[in-house]
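The next block is structure39.tsv, given as TSV, C-alpha atoms.
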```tsv
chain	number	residue	atom	x	y	z
A	1	MET	CA	7.83	18.64	29.55
A	2	ASP	CA	5.00	21.20	29.80
A	3	ASN	CA	4.42	20.91	26.06
A	4	LEU	CA	4.41	17.11	26.29
A	5	GLY	CA	1.66	17.31	28.91
A	6	ILE	CA	-0.46	19.50	26.65
A	7	VAL	CA	0.24	17.16	23.71
A	8	PHE	CA	-0.85	14.17	25.81
A	9	LEU	CA	-4.10	15.86	26.85
A	10	SER	CA	-4.79	17.09	23.32
A	11	GLU	CA	-4.29	13.66	21.75
A	12	LEU	CA	-6.29	11.94	24.48
A	13	VAL	CA	-9.28	14.29	24.09
A	14	GLY	CA	-9.13	14.23	20.28
A	15	THR	CA	-8.90	10.45	20.04
A	16	ALA	CA	-11.67	10.02	22.60
A	17	MET	CA	-13.92	12.29	20.54
A	18	LEU	CA	-13.00	10.41	17.37
A	19	VAL	CA	-13.82	7.00	18.85
A	20	LEU	CA	-16.94	8.13	20.71
A	21	LEU	CA	-18.54	9.44	17.52
A	22	GLY	CA	-17.06	6.76	15.24
A	23	CYS	CA	-18.09	3.80	17.36
A	24	GLY	CA	-21.32	5.67	18.04
A	25	VAL	CA	-22.36	5.69	14.39
A	26	VAL	CA	-21.67	1.95	14.18
A	27	ALA	CA	-23.79	1.41	17.30
A	28	ASN	CA	-26.59	3.48	15.80
A	29	VAL	CA	-26.56	1.37	12.63
A	30	ALA	CA	-25.93	-2.07	14.13
A	31	LEU	CA	-27.70	-2.32	17.48
A	32	VAL	CA	-31.37	-3.18	17.93
A	33	ARG	CA	-34.09	-0.55	18.36
A	34	THR	CA	-31.88	2.46	17.65
A	35	LYS	CA	-33.19	5.33	15.51
A	36	GLY	CA	-30.51	4.61	12.89
A	37	ASN	CA	-30.80	0.81	12.80
A	38	ASN	CA	-29.88	-0.63	9.38
A	39	GLY	CA	-28.73	2.78	8.16
A	40	GLY	CA	-26.13	1.11	5.95
A	41	PHE	CA	-22.37	1.21	5.41
A	42	LEU	CA	-22.40	4.64	3.75
A	43	MET	CA	-23.91	6.11	6.93
A	44	VAL	CA	-21.00	4.52	8.81
A	45	ASN	CA	-18.52	6.07	6.33
A	46	PHE	CA	-19.97	9.55	6.80
A	47	GLY	CA	-20.20	9.11	10.56
A	48	TRP	CA	-16.54	8.14	10.84
A	49	GLY	CA	-15.53	11.04	8.60
A	50	LEU	CA	-17.39	13.50	10.81
A	51	ALA	CA	-15.91	11.81	13.87
A	52	VAL	CA	-12.46	12.57	12.48
A	53	PHE	CA	-13.60	16.15	11.79
A	54	ALA	CA	-14.55	16.55	15.46
A	55	GLY	CA	-11.41	14.84	16.75
A	56	VAL	CA	-9.10	16.99	14.63
A	57	THR	CA	-10.94	20.17	15.61
A	58	VAL	CA	-10.46	19.64	19.34
A	59	SER	CA	-6.82	18.47	19.14
A	60	TYR	CA	-5.14	21.10	16.97
A	61	ALA	CA	-2.66	21.86	19.79
A	62	SER	CA	-0.86	18.55	19.25
A	63	GLY	CA	-1.22	18.51	15.47
A	64	ALA	CA	-4.13	16.04	15.74
A	65	GLN	CA	-2.30	12.85	14.91
A	66	LEU	CA	-4.94	10.67	16.67
A	67	ASN	CA	-3.40	7.53	15.17
A	68	PRO	CA	-0.15	5.63	15.87
A	69	ALA	CA	0.14	4.90	12.14
A	70	VAL	CA	0.20	8.64	11.43
A	71	THR	CA	2.72	9.23	14.21
A	72	LEU	CA	5.08	6.51	12.95
A	73	GLY	CA	4.55	7.51	9.33
A	74	LEU	CA	5.66	11.05	10.11
A	75	VAL	CA	8.73	9.69	11.88
A	76	ALA	CA	9.55	7.53	8.84
A	77	ASN	CA	9.14	10.59	6.64
A	78	GLY	CA	11.86	12.39	8.59
A	79	ALA	CA	9.84	14.76	10.76
A	80	THR	CA	11.99	16.59	13.31
A	81	GLU	CA	9.16	18.25	15.27
A	82	PHE	CA	5.57	17.41	16.17
A	83	GLY	CA	2.91	19.89	17.32
A	84	MET	CA	3.89	22.73	19.71
A	85	GLY	CA	7.53	22.40	18.69
A	86	VAL	CA	7.91	19.05	20.46
A	87	PRO	CA	11.04	17.33	19.11
A	88	VAL	CA	10.67	13.88	17.58
A	89	ASN	CA	12.25	11.35	19.93
A	90	VAL	CA	11.34	8.15	21.74
A	91	LEU	CA	9.63	10.01	24.60
A	92	SER	CA	7.46	12.19	22.36
A	93	VAL	CA	6.45	9.23	20.18
A	94	LEU	CA	5.46	7.22	23.26
A	95	THR	CA	3.53	10.23	24.58
A	96	TYR	CA	1.49	10.47	21.39
A	97	ILE	CA	0.79	6.74	21.13
A	98	SER	CA	-0.10	6.24	24.81
A	99	ALA	CA	-2.49	9.21	24.70
A	100	GLN	CA	-4.09	7.85	21.54
A	101	MET	CA	-4.60	4.41	23.13
A	102	LEU	CA	-6.07	5.79	26.35
A	103	GLY	CA	-8.25	8.22	24.42
A	104	ALA	CA	-9.60	5.41	22.25
A	105	MET	CA	-10.47	3.39	25.34
A	106	LEU	CA	-12.19	6.36	26.94
A	107	GLY	CA	-14.20	7.04	23.78
A	108	ALA	CA	-15.31	3.40	23.66
A	109	VAL	CA	-16.50	3.52	27.27
A	110	LEU	CA	-18.49	6.69	26.58
A	111	CYS	CA	-20.07	5.07	23.52
A	112	TRP	CA	-21.12	2.10	25.67
A	113	LEU	CA	-22.69	4.43	28.21
A	114	ALA	CA	-24.62	6.29	25.49
A	115	TYR	CA	-26.02	3.03	24.08
A	116	LYS	CA	-26.07	0.86	27.20
A	117	GLN	CA	-29.73	-0.17	26.96
A	118	HIS	CA	-29.24	-1.16	23.34
A	119	PHE	CA	-26.10	-3.16	24.13
A	120	ASP	CA	-28.03	-4.94	26.88
A	121	ALA	CA	-30.85	-5.77	24.44
A	122	GLU	CA	-28.65	-6.79	21.47
A	123	PRO	CA	-29.08	-10.53	20.70
A	124	ASP	CA	-26.20	-10.79	18.19
A	125	ALA	CA	-22.74	-10.86	19.75
A	126	ALA	CA	-21.17	-10.03	16.37
A	127	ASN	CA	-23.06	-6.73	16.25
A	128	THR	CA	-21.85	-5.86	19.73
A	129	LEU	CA	-18.21	-6.56	18.88
A	130	GLY	CA	-18.59	-4.73	15.58
A	131	VAL	CA	-19.33	-1.50	17.43
A	132	PHE	CA	-15.98	-1.66	19.22
A	133	SER	CA	-13.64	-3.13	16.64
A	134	THR	CA	-13.32	-4.07	12.99
A	135	GLY	CA	-13.64	-7.50	11.43
A	136	PRO	CA	-13.22	-8.92	7.93
A	137	ALA	CA	-16.05	-9.62	5.52
A	138	ILE	CA	-14.02	-12.59	4.25
A	139	ARG	CA	-11.50	-13.85	6.80
A	140	SER	CA	-8.11	-14.23	5.16
A	141	TYR	CA	-5.42	-12.81	7.40
A	142	GLY	CA	-2.92	-12.20	4.62
A	143	TRP	CA	-5.34	-10.37	2.33
A	144	ASN	CA	-6.99	-8.58	5.25
A	145	LEU	CA	-3.51	-7.32	6.17
A	146	VAL	CA	-2.94	-6.12	2.60
A	147	THR	CA	-6.22	-4.18	2.67
A	148	GLU	CA	-5.30	-2.43	5.93
A	149	ILE	CA	-1.83	-1.60	4.61
A	150	ILE	CA	-3.25	-0.03	1.45
A	151	GLY	CA	-5.95	1.95	3.24
A	152	THR	CA	-3.54	3.35	5.81
A	153	PHE	CA	-0.96	4.10	3.12
A	154	VAL	CA	-3.52	6.31	1.39
A	155	LEU	CA	-4.35	8.11	4.66
A	156	VAL	CA	-0.77	8.88	5.66
A	157	PHE	CA	0.51	9.58	2.13
A	158	VAL	CA	-2.21	12.17	1.55
A	159	VAL	CA	-1.63	13.73	4.99
A	160	ILE	CA	2.04	14.16	4.12
A	161	GLY	CA	1.14	15.37	0.63
A	162	PHE	CA	-0.91	18.17	2.16
A	163	GLY	CA	2.08	19.30	4.20
A	164	GLY	CA	1.86	17.22	7.34
A	165	GLY	CA	5.37	15.83	7.00
A	166	ARG	CA	8.67	17.58	7.53
A	167	GLN	CA	7.24	20.98	6.63
A	168	GLY	CA	4.04	20.86	8.70
A	169	ASP	CA	2.99	20.53	12.31
A	170	GLY	CA	3.02	16.78	11.97
A	171	GLY	CA	-0.53	15.46	12.02
A	172	LEU	CA	-3.98	15.44	10.53
A	173	ALA	CA	-4.40	19.10	11.47
A	174	ALA	CA	-2.00	19.93	8.64
A	175	LEU	CA	-4.86	19.20	6.23
A	176	GLY	CA	-7.56	21.02	8.17
A	177	ALA	CA	-10.52	19.25	9.72
A	178	LEU	CA	-12.77	19.20	6.64
A	179	PRO	CA	-10.28	17.81	4.10
A	180	VAL	CA	-9.19	15.01	6.42
A	181	ALA	CA	-12.83	14.16	7.14
A	182	LEU	CA	-13.51	13.88	3.40
A	183	LEU	CA	-10.37	11.76	3.00
A	184	VAL	CA	-11.56	9.30	5.65
A	185	ILE	CA	-15.03	9.12	4.06
A	186	GLY	CA	-13.36	8.40	0.72
A	187	ILE	CA	-11.14	5.66	2.16
A	188	GLY	CA	-14.15	4.05	3.82
A	189	ALA	CA	-16.33	4.19	0.72
A	190	SER	CA	-13.56	2.92	-1.59
A	191	LEU	CA	-11.48	0.55	0.55
A	192	GLY	CA	-13.58	-0.17	3.64
A	193	GLY	CA	-15.53	-3.16	2.35
A	194	PRO	CA	-13.07	-6.01	3.01
A	195	THR	CA	-12.08	-5.21	6.62
A	196	GLY	CA	-14.10	-2.25	7.86
A	197	TYR	CA	-11.02	0.00	7.47
A	198	ALA	CA	-9.47	0.29	10.91
A	199	ILE	CA	-6.53	2.31	9.45
A	200	ASN	CA	-5.67	3.14	13.07
A	201	PRO	CA	-4.23	0.68	15.63
A	202	ALA	CA	-5.49	2.69	18.62
A	203	ARG	CA	-9.01	2.97	17.18
A	204	ASP	CA	-9.25	-0.84	16.97
A	205	LEU	CA	-7.15	-2.17	19.85
A	206	GLY	CA	-8.32	0.30	22.52
A	207	PRO	CA	-12.05	-0.36	22.05
A	208	ARG	CA	-11.40	-4.11	21.66
A	209	ILE	CA	-9.79	-4.13	25.11
A	210	VAL	CA	-12.78	-2.19	26.45
A	211	HIS	CA	-15.15	-4.75	24.86
A	212	ALA	CA	-13.30	-7.51	26.69
A	213	ILE	CA	-13.61	-5.71	30.03
A	214	LEU	CA	-17.12	-4.23	30.01
A	215	PRO	CA	-20.04	-6.18	31.56
A	216	ILE	CA	-22.14	-6.46	28.38
A	217	PRO	CA	-24.69	-9.32	28.42
A	218	GLY	CA	-24.06	-11.98	25.78
A	219	LYS	CA	-21.17	-10.08	24.22
A	220	GLY	CA	-19.18	-13.15	23.20
A	221	GLY	CA	-15.45	-13.12	22.57
A	222	SER	CA	-13.32	-10.20	21.41
A	223	ASP	CA	-11.83	-12.03	18.38
A	224	TRP	CA	-8.23	-11.76	19.55
A	225	SER	CA	-7.11	-14.10	16.76
A	226	TYR	CA	-7.82	-11.28	14.28
A	227	SER	CA	-6.81	-8.36	16.50
A	228	TRP	CA	-3.22	-8.19	15.22
A	229	VAL	CA	-4.31	-7.38	11.65
A	230	PRO	CA	-5.76	-3.88	12.35
A	231	VAL	CA	-2.66	-3.11	14.41
A	232	VAL	CA	0.16	-4.45	12.23
A	233	GLY	CA	-1.43	-3.51	8.89
A	234	PRO	CA	-1.87	0.20	9.67
A	235	ILE	CA	1.62	0.46	11.17
A	236	ILE	CA	3.16	-1.05	8.03
A	237	GLY	CA	1.00	1.12	5.78
A	238	GLY	CA	1.84	4.29	7.70
A	239	VAL	CA	5.58	3.66	7.71
A	240	LEU	CA	5.59	2.73	4.01
A	241	ALA	CA	3.70	5.94	3.20
A	242	GLY	CA	6.21	7.99	5.16
A	243	LEU	CA	9.11	6.40	3.33
A	244	ALA	CA	7.47	6.53	-0.10
A	245	ALA	CA	6.62	10.21	0.27
A	246	ILE	CA	10.31	11.12	0.37
A	247	PRO	CA	10.99	10.29	-3.31
A	248	LEU	CA	7.39	10.55	-4.59
A	249	LEU	CA	6.54	13.92	-3.02
A	250	PRO	CA	9.81	15.79	-3.58
A	251	ILE	CA	8.20	19.15	-2.78
A	252	LEU	CA	8.52	18.14	0.89
A	253	GLY	CA	12.24	17.49	0.60
```
What do you get writing this file as structure tokens?
Amino acid sequence: MDNLGIVFLSELVGTAMLVLLGCGVVANVALVRTKGNNGGFLMVNFGWGLAVFAGVTVSYASGAQLNPAVTLGLVANGATEFGMGVPVNVLSVLTYISAQMLGAMLGAVLCWLAYKQHFDAEPDAANTLGVFSTGPAIRSYGWNLVTEIIGTFVLVFVVIGFGGGRQGDGGLAALGALPVALLVIGIGASLGGPTGYAINPARDLGPRIVHAILPIPGKGGSDWSYSWVPVVGPIIGGVLAGLAAIPLLPILG
């Protein structure tokens, strides 16, 4: 139980750091009168990669999963232990996922505080929502789902390939902070165009809930009709990656 408490705190802090810096780079690019306004999608890619770098660095104790899709992918791959020797069971999985969700919400609130004046001055509700959650360039739920499945498959498959499956500590920390940051930049640059690459249910759902709650002038709706895609897609992609790694990455067997 002591280890589970440390795991919870580690995942909460790491995911909060991830979302604070990740949503922060989107705010810097999208909101009016910021220093980085119109910085472009590549700036967002690099910002999210460095956000992952920071999140992994501060959550090594738990293995830095930071993502329910990673957690469930490792379970599907047959992991028996997570970080700190925590056994894989229902309680430990729920501990990881609840910490990731709460951390994502905390990170989103901190991002709002950092950019509050710019949120208050933003005339376009779509830009405001885009800071907190992803949305499709072309809305087609089926194809948007496919994109999220593929992007998350790449993330989790490579994590396991680097030793984050049954042989490793069970998380992004198995790669090291820099390799996983470069991986996320690569996924964003290559596969991020159609949906904005959530590849993480907590990263999208937690901030979307915060968007719905916060008193932001003219914020509009939270696009709940789309919200299931960046949750279901990454979960499917993560689980498929965990299963596929068993026969395709036999070195982990």
Closest to Tyr96 (chain A) among A:Ala114, A:Leu72, A:Val232, A:Ile199, using only C-alpha atoms?
A:Leu72
Nearest residue to Leu91 (chain A) from the set A:Gly5, A:Asn200, A:Asn144, A:Ile149 (distances using all atoms listed in the file)
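Among the listed residues, the smallest separation from Leu91 (chain A) belongs to A:Gly5.
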Between CA of Val229 (chain A) and CA of Gln100 (chain A), what distance in Å does the model show, to one decimal?
18.2 Å
Give me, please, the distance in Å between CA of Val90 (chain A) and CA of Thr57 (chain A), quoted to one decimal.
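About the pair CA of Val90 (chain A) and CA of Thr57 (chain A): they are 26.0 Å apart.
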Any idea what's packed within 8 Å of Thr134 (chain A), counting all atoms listed in the file, ignoring anything in its chain fewer than 6 positions away? Could you give it as a list of chain:residue names?
A:Thr195, A:Gly196, A:Tyr197, A:Ala198, A:Asp204, A:Pro230
Selected residue, from A:Gly176, A:Trp112, A:Gly242, A:Ser92, that lies nearest to Val26 (chain A) when counting all atoms listed in the file
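Closest to Val26 (chain A), using all atoms listed in the file: A:Trp112.
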Please, which residues are within 8 Å of (-10.8, 6.1, 25.9) by the file's coordinates, counting only C-alpha atoms, and could they come as a VMD selection string?
chain A and resid 12 15 to 16 19 101 to 110 206 to 207
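Between CA of Asn45 (chain A) and CA of Ala189 (chain A) the separation is 6.3 Å.
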I'd like the contact shell of region 135-138 of chain A - 12 Å cut-off, only C-alpha atoms, skipping same-chain residues fewer than 3 positions apart - returned as a PyMOL selection string.
chain A and resi 126-132+141-148+192-198+204-205+208+222-230
Just the residues within 10 Å of Leu248 (chain A), please, counting all atoms listed in the file, with nothing from its chain fewer than 6 positions along; format it as an MDAnalysis selection string.
chainID A and resid 157 161 241
Between A:Ala202, A:Leu42, A:Ile236, A:Ala181, which is the closest to Ile150 (chain A) once you count only C-alpha atoms?
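Ranking A:Ala202, A:Leu42, A:Ile236, A:Ala181 by distance to Ile150 (chain A), first place goes to A:Ile236.
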Residue with smallest distance to Gly151 (chain A) - pool A:Gly220, A:Pro250, A:Gly237, A:Gly36, counting all atoms listed in the file:
A:Gly237
Would you mind telling me which residue in A:Met17, A:Ala125, A:Ile6, A:Leu113 lies nearest to Ala30 (chain A) when using all atoms listed in the file?
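Looking at the shortest contact to Ala30 (chain A), the residue is A:Ala125.
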